[in-house]
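Below: upload.txt (compact mmCIF, C-alpha atoms and all ligand atoms)
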```txt
# COMPACT_ATOMS: atom_id res chain seq x y z
CA MET A 1 0.00 0.00 0.00
CA SER A 2 1.30 3.45 -0.88
CA LEU A 3 2.27 5.57 2.10
CA LEU A 4 2.41 8.71 -0.05
CA PHE A 5 -1.35 8.50 -0.50
CA THR A 6 -2.20 7.35 3.03
CA PRO A 7 -3.74 10.10 5.18
CA PHE A 8 -1.58 11.59 7.92
CA THR A 9 -2.93 13.08 11.11
CA ILE A 10 -0.94 15.71 12.92
CA ARG A 11 -2.39 17.12 16.14
CA ASN A 12 -6.04 17.92 15.18
CA VAL A 13 -5.57 18.01 11.41
CA GLU A 14 -5.92 15.17 8.92
CA LEU A 15 -4.07 15.51 5.63
CA LYS A 16 -5.52 13.43 2.81
CA ASN A 17 -2.05 12.35 1.63
CA ARG A 18 1.59 13.04 2.54
CA ILE A 19 2.25 15.72 -0.07
CA MET A 20 2.94 19.27 1.07
CA MET A 21 3.57 22.17 -1.25
CA SER A 22 6.91 23.55 -0.09
CA PRO A 23 6.75 27.26 0.75
CA MET A 24 7.91 29.29 -2.23
CA GLY A 25 8.03 33.06 -2.29
CA THR A 26 6.52 34.44 -5.47
CA LEU A 27 7.06 38.17 -4.79
CA ALA A 28 3.69 38.71 -6.44
CA ALA A 29 2.08 40.84 -3.73
CA GLY A 30 1.82 44.61 -3.85
CA GLU A 31 3.19 47.05 -1.29
CA ASP A 32 0.29 46.20 1.05
CA GLY A 33 1.36 42.52 1.24
CA LYS A 34 -2.19 41.34 0.61
CA VAL A 35 -3.32 38.20 -1.20
CA THR A 36 -4.25 38.94 -4.81
CA GLU A 37 -6.28 37.07 -7.43
CA TRP A 38 -2.98 35.73 -8.69
CA HIS A 39 -2.21 34.04 -5.34
CA LYS A 40 -5.64 32.42 -5.42
CA LEU A 41 -5.01 31.02 -8.88
CA HIS A 42 -1.48 29.88 -7.98
CA TYR A 43 -2.38 28.08 -4.76
CA GLY A 44 -5.83 27.03 -5.97
CA ALA A 45 -4.26 25.17 -8.88
CA ARG A 46 -2.21 23.02 -6.46
CA ALA A 47 -5.33 22.32 -4.40
CA LEU A 48 -7.04 21.14 -7.57
CA GLY A 49 -3.94 19.03 -8.15
CA GLN A 50 -4.69 17.17 -4.86
CA VAL A 51 -1.83 18.51 -2.75
CA ALA A 52 -2.85 17.73 0.84
CA LEU A 53 -1.13 20.63 2.57
CA ILE A 54 -0.49 23.91 0.79
CA MET A 55 2.13 25.83 2.69
CA LEU A 56 1.96 29.46 1.68
CA GLU A 57 5.17 31.29 1.00
CA VAL A 58 7.03 33.47 3.48
CA SER A 59 4.59 35.89 5.07
CA ALA A 60 6.03 38.82 6.98
CA VAL A 61 4.93 39.32 10.57
CA MET A 62 6.29 42.90 10.61
CA GLU A 63 6.07 45.40 7.79
CA GLN A 64 9.72 46.36 8.21
CA GLY A 65 10.79 42.70 8.04
CA ARG A 66 9.39 41.92 4.60
CA ASP A 67 10.72 41.75 1.06
CA SER A 68 9.21 43.91 -1.65
CA GLY A 69 6.50 41.68 -3.12
CA SER A 70 6.23 39.25 -0.22
CA LEU A 71 2.93 38.45 1.44
CA GLY A 72 2.19 40.00 4.82
CA ILE A 73 0.32 39.15 7.98
CA TRP A 74 1.50 42.12 10.05
CA SER A 75 -1.92 43.71 10.35
CA ASP A 76 -5.56 42.71 10.82
CA ASP A 77 -6.21 44.19 7.38
CA HIS A 78 -4.54 41.11 5.89
CA ILE A 79 -7.04 38.70 7.43
CA PRO A 80 -10.03 38.98 5.01
CA LYS A 81 -8.05 38.16 1.83
CA LEU A 82 -6.09 35.39 3.57
CA LYS A 83 -9.43 33.97 4.69
CA GLU A 84 -10.77 33.98 1.14
CA LEU A 85 -7.71 31.97 0.15
CA THR A 86 -7.99 29.38 2.95
CA GLU A 87 -11.69 28.93 2.14
CA LEU A 88 -10.85 28.35 -1.51
CA LEU A 89 -8.26 25.69 -0.59
CA HIS A 90 -10.56 24.03 1.93
CA ALA A 91 -13.33 23.81 -0.68
CA GLN A 92 -10.97 21.62 -2.77
CA GLY A 93 -10.14 19.34 0.18
CA SER A 94 -6.69 20.76 0.88
CA LYS A 95 -5.38 22.11 4.17
CA ALA A 96 -3.72 25.50 4.30
CA GLY A 97 -0.50 26.45 6.08
CA ILE A 98 1.24 29.78 6.42
CA GLN A 99 4.96 30.32 6.84
CA LEU A 100 5.58 33.10 9.36
CA TRP A 101 8.81 34.95 8.75
CA LEU A 102 11.05 37.95 9.12
CA ALA A 103 13.69 38.52 6.47
CA GLY A 104 16.39 39.86 8.80
CA ARG A 105 19.66 40.54 7.01
CA LYS A 106 18.38 39.01 3.74
CA THR A 107 15.63 41.51 2.98
CA ASN A 108 15.61 42.80 -0.58
CA ARG A 109 14.82 46.30 0.71
CA GLN A 110 17.66 48.80 0.97
CA GLY A 111 18.74 49.76 4.48
CA MET A 112 16.26 47.44 6.24
CA ALA A 113 18.64 44.56 7.07
CA VAL A 114 18.78 43.53 10.74
CA SER A 115 20.38 40.53 12.40
CA ALA A 116 21.49 38.98 15.66
CA SER A 117 24.89 40.66 15.52
CA GLU A 118 27.12 42.73 13.33
CA ILE A 119 28.66 39.86 11.46
CA ALA A 120 27.90 40.48 7.82
CA ASP A 121 28.25 38.07 4.98
CA ARG A 122 29.98 39.16 1.82
CA GLU A 123 26.86 40.76 0.44
CA ARG A 124 25.07 42.52 3.26
CA VAL A 125 25.62 44.63 6.33
CA ALA A 126 22.96 44.38 9.00
CA ARG A 127 22.01 46.47 12.00
CA VAL A 128 21.99 44.65 15.34
CA LEU A 129 18.60 44.19 17.03
CA THR A 130 18.33 45.71 20.52
CA LEU A 131 16.79 43.76 23.40
CA GLU A 132 13.68 45.91 23.11
CA GLU A 133 13.37 45.17 19.40
CA ILE A 134 13.70 41.44 20.13
CA GLN A 135 10.61 41.72 22.34
CA ASP A 136 8.79 43.41 19.44
CA VAL A 137 9.77 40.51 17.18
CA ILE A 138 8.39 37.94 19.64
CA TYR A 139 5.17 39.90 19.99
CA ALA A 140 4.83 40.22 16.19
CA PHE A 141 5.06 36.43 15.71
CA LYS A 142 2.42 35.92 18.40
CA ALA A 143 0.07 38.51 16.87
CA ALA A 144 0.54 36.93 13.45
CA ALA A 145 -0.38 33.50 14.84
CA ILE A 146 -3.63 34.95 16.21
CA ARG A 147 -4.36 36.40 12.76
CA ALA A 148 -3.51 33.08 11.08
CA ALA A 149 -6.14 31.40 13.26
CA ALA A 150 -8.68 34.09 12.38
CA ALA A 151 -7.92 33.59 8.69
CA GLY A 152 -8.69 29.86 8.92
CA PHE A 153 -5.22 28.36 8.53
CA ASP A 154 -4.77 24.73 9.60
CA VAL A 155 -0.99 24.80 10.09
CA ILE A 156 1.58 27.41 11.09
CA GLU A 157 5.19 27.02 10.05
CA LEU A 158 7.96 29.19 11.48
CA HIS A 159 10.69 29.95 8.98
CA ALA A 160 13.86 29.42 11.02
CA ALA A 161 15.99 28.40 8.02
CA HIS A 162 17.94 29.86 5.10
CA GLY A 163 19.70 32.66 7.00
CA TYR A 164 16.58 34.68 7.76
CA LEU A 165 16.15 36.34 11.14
CA LEU A 166 15.25 33.33 13.33
CA ASN A 167 18.03 31.29 11.74
CA ASP A 168 20.54 34.09 12.36
CA PHE A 169 19.94 33.86 16.09
CA LEU A 170 20.48 30.07 16.01
CA SER A 171 23.70 30.14 14.03
CA PRO A 172 27.13 30.66 15.67
CA TYR A 173 28.21 32.26 12.37
CA THR A 174 25.72 35.13 12.57
CA ASN A 175 25.07 35.30 16.31
CA LYS A 176 28.01 36.77 18.24
CA ARG A 177 25.86 38.32 20.94
CA GLU A 178 27.04 38.29 24.53
CA ASP A 179 23.66 38.89 26.17
CA GLN A 180 20.95 36.33 26.97
CA TYR A 181 20.34 35.72 23.23
CA GLY A 182 23.86 34.51 22.34
CA GLY A 183 27.08 32.92 23.51
CA THR A 184 25.99 29.29 23.93
CA ARG A 185 23.85 26.91 21.90
CA GLU A 186 21.06 27.18 24.45
CA LYS A 187 21.18 30.99 24.45
CA ARG A 188 21.17 31.11 20.65
CA PHE A 189 17.99 29.01 20.82
CA ARG A 190 16.33 31.47 23.17
CA LEU A 191 14.63 33.70 20.58
CA LEU A 192 13.10 30.74 18.76
CA GLN A 193 12.09 29.23 22.11
CA GLU A 194 10.31 32.41 23.16
CA VAL A 195 8.54 32.72 19.81
CA ILE A 196 7.38 29.08 19.99
CA THR A 197 6.19 29.48 23.59
CA GLU A 198 4.20 32.62 22.77
CA ILE A 199 2.62 31.01 19.72
CA ARG A 200 1.74 27.85 21.64
CA GLY A 201 -0.18 30.07 24.06
CA VAL A 202 -2.50 31.32 21.30
CA TRP A 203 -2.47 28.56 18.65
CA ASN A 204 -3.89 25.04 19.12
CA GLY A 205 -3.15 23.71 15.64
CA PRO A 206 -0.08 21.99 14.26
CA LEU A 207 3.12 24.02 14.54
CA PHE A 208 5.94 23.24 12.10
CA VAL A 209 9.43 24.76 12.14
CA ARG A 210 11.62 24.86 9.03
CA VAL A 211 15.33 24.61 9.79
CA SER A 212 18.58 24.59 7.84
CA ALA A 213 19.88 21.32 9.29
CA GLU A 214 23.31 21.87 7.75
CA GLU A 215 24.64 25.41 7.47
CA TYR A 216 27.65 24.24 5.41
CA GLY A 217 30.20 26.91 6.47
CA PRO A 218 32.96 26.25 9.02
CA GLU A 219 31.28 28.03 11.96
CA GLY A 220 27.73 26.95 11.12
CA ASN A 221 25.42 24.54 12.92
CA ARG A 222 25.60 20.88 11.94
CA VAL A 223 22.75 18.37 11.86
CA GLU A 224 23.72 17.20 15.38
CA ASP A 225 22.90 20.71 16.65
CA TYR A 226 19.51 20.50 14.97
CA VAL A 227 18.81 17.09 16.53
CA TYR A 228 19.35 18.88 19.84
CA TYR A 229 17.21 21.88 18.83
CA ALA A 230 14.47 19.54 17.55
CA SER A 231 14.41 17.72 20.90
CA ARG A 232 14.03 21.06 22.65
CA MET A 233 11.26 22.06 20.23
CA LYS A 234 9.47 18.79 20.92
CA GLU A 235 9.36 19.71 24.62
CA LEU A 236 7.90 23.09 23.66
CA GLY A 237 5.03 21.58 21.66
CA VAL A 238 6.31 21.79 18.08
CA ASP A 239 4.71 19.10 15.92
CA LEU A 240 7.01 18.69 12.94
CA ILE A 241 10.42 19.81 11.69
CA ASP A 242 10.57 20.75 8.02
CA VAL A 243 14.15 19.88 7.15
CA SER A 244 15.93 22.11 4.67
CA SER A 245 19.56 23.31 4.61
CA GLY A 246 21.86 26.17 3.61
CA GLY A 247 21.24 29.87 3.07
CA VAL A 248 23.24 31.01 6.10
CA TYR A 249 26.56 31.32 4.26
CA PRO A 250 26.48 32.89 0.81
CA ASP A 251 27.93 29.78 -0.89
CA LYS A 252 25.50 27.38 -2.52
CA PRO A 253 25.68 23.72 -1.43
CA LYS A 254 26.10 20.83 -3.86
CA VAL A 255 22.63 19.54 -4.68
CA TYR A 256 21.38 16.23 -6.08
CA PRO A 257 18.13 14.24 -5.76
CA GLY A 258 17.18 13.87 -2.11
CA TYR A 259 20.26 15.78 -0.89
CA GLN A 260 18.58 16.86 2.35
CA VAL A 261 16.80 13.59 3.13
CA PRO A 262 19.61 12.22 5.38
CA TYR A 263 19.19 15.27 7.65
CA SER A 264 15.46 14.64 7.89
CA GLU A 265 16.14 11.02 8.77
CA GLN A 266 18.67 11.96 11.47
CA ILE A 267 16.42 14.57 13.05
CA ARG A 268 13.42 12.23 12.95
CA ARG A 269 15.30 9.37 14.60
CA GLY A 270 17.24 11.57 17.01
CA SER A 271 14.38 13.71 18.30
CA GLY A 272 11.36 11.48 17.81
CA LEU A 273 9.54 14.34 16.07
CA PRO A 274 7.87 13.85 12.67
CA THR A 275 9.68 15.53 9.79
CA ALA A 276 9.07 16.77 6.27
CA ALA A 277 11.76 16.00 3.70
CA VAL A 278 12.40 18.48 0.90
CA GLY A 279 14.85 19.10 -1.92
CA LEU A 280 14.81 17.65 -5.42
CA ILE A 281 12.15 15.07 -4.66
CA THR A 282 10.51 14.74 -8.03
CA SER A 283 9.02 11.28 -8.45
CA GLY A 284 6.40 9.18 -6.72
CA LEU A 285 8.83 6.29 -6.31
CA GLN A 286 11.43 8.53 -4.67
CA ALA A 287 8.82 9.95 -2.28
CA GLU A 288 7.57 6.46 -1.44
CA GLU A 289 11.11 5.24 -0.66
CA ILE A 290 11.62 8.12 1.79
CA LEU A 291 8.36 7.43 3.61
CA GLN A 292 8.58 3.62 3.66
CA ASN A 293 12.14 3.70 5.01
CA GLY A 294 11.08 6.00 7.85
CA ARG A 295 13.16 8.94 6.65
CA ALA A 296 10.29 11.49 6.83
CA ASP A 297 6.55 11.72 7.45
CA LEU A 298 5.68 14.31 4.80
CA ILE A 299 7.15 15.03 1.39
CA ALA A 300 7.50 18.73 0.59
CA VAL A 301 7.63 19.42 -3.13
CA GLY A 302 8.79 22.76 -4.45
CA ARG A 303 9.83 23.42 -8.01
CA GLU A 304 8.28 20.25 -9.40
CA LEU A 305 4.91 21.65 -8.31
CA LEU A 306 5.70 24.93 -10.07
CA ARG A 307 6.26 22.93 -13.24
CA ASN A 308 3.22 20.75 -12.75
CA PRO A 309 0.40 21.62 -10.34
CA PHE A 310 -0.98 18.12 -10.99
CA TRP A 311 2.19 16.39 -9.79
CA PRO A 312 0.26 14.21 -7.27
CA ARG A 313 -1.57 12.64 -10.20
CA VAL A 314 1.75 11.85 -11.90
CA ALA A 315 3.17 10.42 -8.65
CA ALA A 316 0.10 8.20 -8.23
CA GLU A 317 0.47 6.93 -11.76
CA GLN A 318 4.13 6.10 -11.11
CA LEU A 319 3.03 4.11 -8.07
CA GLY A 320 0.37 2.32 -10.12
CA ILE A 321 -2.62 3.64 -8.19
CA ASN A 322 -5.60 5.87 -8.81
CA ILE A 323 -6.41 8.70 -6.43
CA ASP A 324 -9.51 10.82 -6.00
CA GLU A 325 -10.00 13.18 -8.89
CA PRO A 326 -11.50 16.65 -8.62
CA ALA A 327 -15.22 15.85 -9.04
CA PRO A 328 -15.68 17.55 -12.44
CA TYR A 329 -12.77 15.48 -13.88
CA ARG A 330 -14.13 12.17 -12.60
CA GLY A 331 -13.56 9.30 -14.94
CA HIS A 332 -11.03 11.16 -17.04
CA TRP A 333 -7.89 11.59 -14.95
CA PHE A 334 -6.81 7.94 -15.02
CA ASP A 335 -8.74 6.70 -18.02
CA TYR A 336 -6.71 6.50 -21.21
CA ARG A 337 -9.07 4.27 -23.17
CA HIS A 338 -10.40 7.08 -25.29
CA ALA A 339 -7.03 8.54 -26.24
CA VAL A 340 -7.29 7.12 -29.74
CA SER A 341 -10.54 6.08 -31.36
CA GLU A 342 -10.96 2.36 -32.04
C1 LIG B 1 11.01 30.39 -6.23
C2 LIG B 1 11.33 29.80 -4.90
C3 LIG B 1 10.95 30.46 -3.74
C4 LIG B 1 11.21 29.90 -2.48
N1 LIG B 1 10.74 30.53 -1.36
C5 LIG B 1 10.82 29.91 -0.17
C6 LIG B 1 10.11 30.39 0.95
O1 LIG B 1 9.32 31.35 0.86
N2 LIG B 1 10.29 29.76 2.14
C7 LIG B 1 11.08 28.65 2.25
O2 LIG B 1 11.23 28.10 3.34
N3 LIG B 1 11.72 28.13 1.18
C8 LIG B 1 11.59 28.71 -0.01
N4 LIG B 1 12.14 28.12 -1.12
C9 LIG B 1 12.76 26.79 -1.01
C10 LIG B 1 11.74 25.69 -1.33
O3 LIG B 1 10.69 25.66 -0.38
C11 LIG B 1 12.40 24.29 -1.37
O4 LIG B 1 12.88 24.00 -0.08
C12 LIG B 1 13.53 24.21 -2.38
O5 LIG B 1 13.12 24.75 -3.63
C13 LIG B 1 13.99 22.78 -2.59
O6 LIG B 1 12.91 21.94 -2.95
P1 LIG B 1 12.59 21.55 -4.50
O7 LIG B 1 13.84 20.89 -5.05
O8 LIG B 1 11.42 20.59 -4.40
O9 LIG B 1 12.26 22.79 -5.23
C14 LIG B 1 11.92 28.67 -2.38
C15 LIG B 1 12.34 28.03 -3.56
C16 LIG B 1 12.03 28.57 -4.80
C17 LIG B 1 12.45 27.81 -6.04
```

Here is a file; write its structure as structure tokens.
Amino acid sequence: MSLLFTPFTIRNVELKNRIMMSPMGTLAAGEDGKVTEWHKLHYGARALGQVALIMLEVSAVMEQGRDSGSLGIWSDDHIPKLKELTELLHAQGSKAGIQLWLAGRKTNRQGMAVSASEIADRERVARVLTLEEIQDVIYAFKAAAIRAAAAGFDVIELHAAHGYLLNDFLSPYTNKREDQYGGTREKRFRLLQEVITEIRGVWNGPLFVRVSAEEYGPEGNRVEDYVYYASRMKELGVDLIDVSSGGVYPDKPKVYPGYQVPYSEQIRRGSGLPTAAVGLITSGLQAEEILQNGRADLIAVGRELLRNPFWPRVAAEQLGINIDEPAPYRGHWFDYRHAVSE
């Protein structure tokens, strides 16, 4: 029996299969950061394609922490359009997730870069956040979680990967602070811990955290550090670790099919938390191998879903099974008998 198309329950949410759309920033929003008709078409197409969990792209919890073009959830004004989108996805049987985020030193907006400390990579110089500003950050994540609930989201994911603000506090490369938010592994974890704790106080649904399990540079965190962080997150009520890598150092890692899957496997086994595997997973057979061998619980698909919103149908075909079709397509998705007349 295919695991990829077996439902998966996490906390109070049942996903109809194990396929998650990986969060992908489209920079298609206007200056107000609101959902547009384009976002509805883009995400709606993947819901029609039978993706179980549609994780929206990075969504800024503070106006000053966004990219130009990114979605926002920094104000109550964002709620109505986000709600229209979650309702659209729910109507097609998909669950909706939102990735809460602050860009930190990697913002595409001039002069807005902030980070844990002054350390700058080759491309950017960031201003150091004060203790007061750190409290504002924690509050902004909490307020955004309340809005996500009001907008009907099923899952919240914190973006603590790829060298964005939460990742910068975790990494010894970017966090040289000597106060309570830096200096040791536990102190570098403190910001993420406080954000998780605040969110857990206002959000009852599944909480995912995306991490860069390997930061690749000499001073960066290794997967062993993330096994430790994942164990801490489990204690705090996180439900799943979405295991990515890189983005902290400017250099690009070597990539190949499934290149991040071993990190997912290690974190899953080491912490006992469910994981999502991501990164060049492009076929149904590859996804099935990962799940059957206990290397992840969900398969996050990125670019392959940009190429083909109906990828779940292709994956099912590769596994030799039929899945539920969108009702108006019934009888046509898996039926090739009428391709050529007799
Ligand atoms: C256009 C684009 C935008 C992305 N934006 C995000 C994002 O908003 N948040 C995030 O965590 N990862 C982001 N990623 C990374 C993807 O979620 C995914 O981890 C990566 O593309 C590897 O998976 P894939 O080989 O299936 O595409 C982005 C990737 C692409 C190609």

Can you tell me, as a short mmCIF file (atom, residue, chain, number, x, y, z; two decimals) with C-alpha atoms, keeping the file's coordinate frame, what residues are no more than 12 Å from Phe334 (chain A) when counting all atoms listed in the file, ignoring any on the same chain fewer than 2 positions away?
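Below is the file selection33.cif, written as the result:
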```cif
data_model
loop_
_atom_site.label_atom_id
_atom_site.label_comp_id
_atom_site.auth_asym_id
_atom_site.auth_seq_id
_atom_site.Cartn_x
_atom_site.Cartn_y
_atom_site.Cartn_z
CA ARG A 313 -1.57 12.64 -10.20
CA VAL A 314 1.75 11.85 -11.90
CA ALA A 316 0.10 8.20 -8.23
CA GLU A 317 0.47 6.93 -11.76
CA GLN A 318 4.13 6.10 -11.11
CA GLY A 320 0.37 2.32 -10.12
CA ILE A 321 -2.62 3.64 -8.19
CA ASN A 322 -5.60 5.87 -8.81
CA ILE A 323 -6.41 8.70 -6.43
CA ASP A 324 -9.51 10.82 -6.00
CA GLU A 325 -10.00 13.18 -8.89
CA PRO A 326 -11.50 16.65 -8.62
CA TYR A 329 -12.77 15.48 -13.88
CA ARG A 330 -14.13 12.17 -12.60
CA GLY A 331 -13.56 9.30 -14.94
CA HIS A 332 -11.03 11.16 -17.04
CA TYR A 336 -6.71 6.50 -21.21
CA ARG A 337 -9.07 4.27 -23.17
CA HIS A 338 -10.40 7.08 -25.29
CA ALA A 339 -7.03 8.54 -26.24
#
```

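Taking only C-alpha atoms and all ligand atoms into account, ligand LIG 1 (chain B) has within 7 Å the residues A:Ser22, A:Pro23, A:Met24, A:Gly25, A:Thr26, A:Glu57, A:Val58, A:His159, A:Ala161, A:Arg210, A:Ser244, A:Val278, A:Gly279, A:Leu280, A:Ile281, A:Thr282, A:Ala300, A:Val301, A:Gly302, A:Arg303, A:Glu304.
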
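Closest approach to Met1 (chain A) from the set A:Asp32, A:Glu288, A:Glu219, A:Asp76 is made by A:Glu288, with distances taken over only C-alpha atoms.
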
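The gap separating CA of Ile73 (chain A) from CA of Pro206 (chain A) is 18.3 Å, in Å to one decimal.
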
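Excluding Gly294 (chain A) and any residue on its chain fewer than 2 positions from it, the residues at most 9 Å away by only C-alpha atoms are Glu265, Arg268, Arg269, Glu289, Ile290, Leu291, Gln292, Ala296 and Asp297 of chain A.
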
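Counting all atoms listed in the file and comparing A:Lys234, A:Arg307, A:Arg66, A:Lys254, the residue that lies closest to Pro274 (chain A) is A:Lys234.
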
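Ranking A:Glu198, A:Glu235, A:Asp179, A:Glu186 by their shortest atom-to-atom distance to Ile146 (chain A), with only C-alpha atoms included, puts A:Glu198 first.
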
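CA of Pro80 (chain A) is found 18.1 Å from CA of Met55 (chain A).
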
task = For Leu305 (chain A), please output as a ChimeraX atom specification all residues within 8 Å (counting all atoms listed in the file; exclusion window: fewer than 4 positions along the same chain).
result = /A:21,46,301,309-311

Since we have the selection now, will you write its residues out, keeping C-alpha atoms, as a PDB file, in the coordinates of the input?
```pdb
ATOM      1  CA  MET A  21       3.570  22.170  -1.250  1.00  0.00           C
ATOM      2  CA  ARG A  46      -2.210  23.020  -6.460  1.00  0.00           C
ATOM      3  CA  VAL A 301       7.630  19.420  -3.130  1.00  0.00           C
ATOM      4  CA  PRO A 309       0.400  21.620 -10.340  1.00  0.00           C
ATOM      5  CA  PHE A 310      -0.980  18.120 -10.990  1.00  0.00           C
ATOM      6  CA  TRP A 311       2.190  16.390  -9.790  1.00  0.00           C
TER       7      TRP A 311
END
```

Excluding region 34-44 of chain A and any residue of its chain fewer than 3 positions from it, enumerate the residues within 6 Å of it, using only C-alpha atoms, and give them as a JSON list (two decimals) with C-alpha atoms, in the coordinates of the input.
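Result saved to around.json:
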```
[["chain", "number", "residue", "atom", "x", "y", "z"],
["A", 47, "ALA", "CA", -5.33, 22.32, -4.40],
["A", 71, "LEU", "CA", 2.93, 38.45, 1.44],
["A", 78, "HIS", "CA", -4.54, 41.11, 5.89],
["A", 81, "LYS", "CA", -8.05, 38.16, 1.83],
["A", 85, "LEU", "CA", -7.71, 31.97, 0.15]]
```

query = For Ile98 (chain A), which of A:Gln193, A:Thr275, A:Asn17, A:Ser59 is the closest residue, counting all atoms listed in the file?
reply = A:Ser59

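Here the question is which of A:Arg109, A:Lys16, A:Lys142, A:Arg11 gets nearest to Glu31 (chain A) using only C-alpha atoms, and that residue is A:Arg109.
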
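Minimum atom-to-atom distance to Ala45 (chain A), evaluated using all atoms listed in the file, belongs to A:Leu89 out of A:Leu166, A:Ile196, A:Leu3, A:Leu89.
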
task = Using CA of Ser264 (chain A) and CA of Leu170 (chain A) as the two end points, give the distance in Å to one decimal.
result = 18.1 Å

message = Would you pick out the contacts of Ser75 (chain A) at 9 Å or less, using all atoms listed in the file, so that residues sharing its chain but fewer than 2 positions from it are not included, and give the list as a PyMOL selection string?
response = chain A and resi 61-63+72-73+77-79+143-144+147

For the selection you just gave me, I'd like the residues written to a file as a PDB file, in the coordinates of the input, keeping C-alpha atoms.
```pdb
ATOM      1  CA  VAL A  61       4.930  39.320  10.570  1.00  0.00           C
ATOM      2  CA  MET A  62       6.290  42.900  10.610  1.00  0.00           C
ATOM      3  CA  GLU A  63       6.070  45.400   7.790  1.00  0.00           C
ATOM      4  CA  GLY A  72       2.190  40.000   4.820  1.00  0.00           C
ATOM      5  CA  ILE A  73       0.320  39.150   7.980  1.00  0.00           C
ATOM      6  CA  ASP A  77      -6.210  44.190   7.380  1.00  0.00           C
ATOM      7  CA  HIS A  78      -4.540  41.110   5.890  1.00  0.00           C
ATOM      8  CA  ILE A  79      -7.040  38.700   7.430  1.00  0.00           C
ATOM      9  CA  ALA A 143       0.070  38.510  16.870  1.00  0.00           C
ATOM     10  CA  ALA A 144       0.540  36.930  13.450  1.00  0.00           C
ATOM     11  CA  ARG A 147      -4.360  36.400  12.760  1.00  0.00           C
TER      12      ARG A 147
END
```
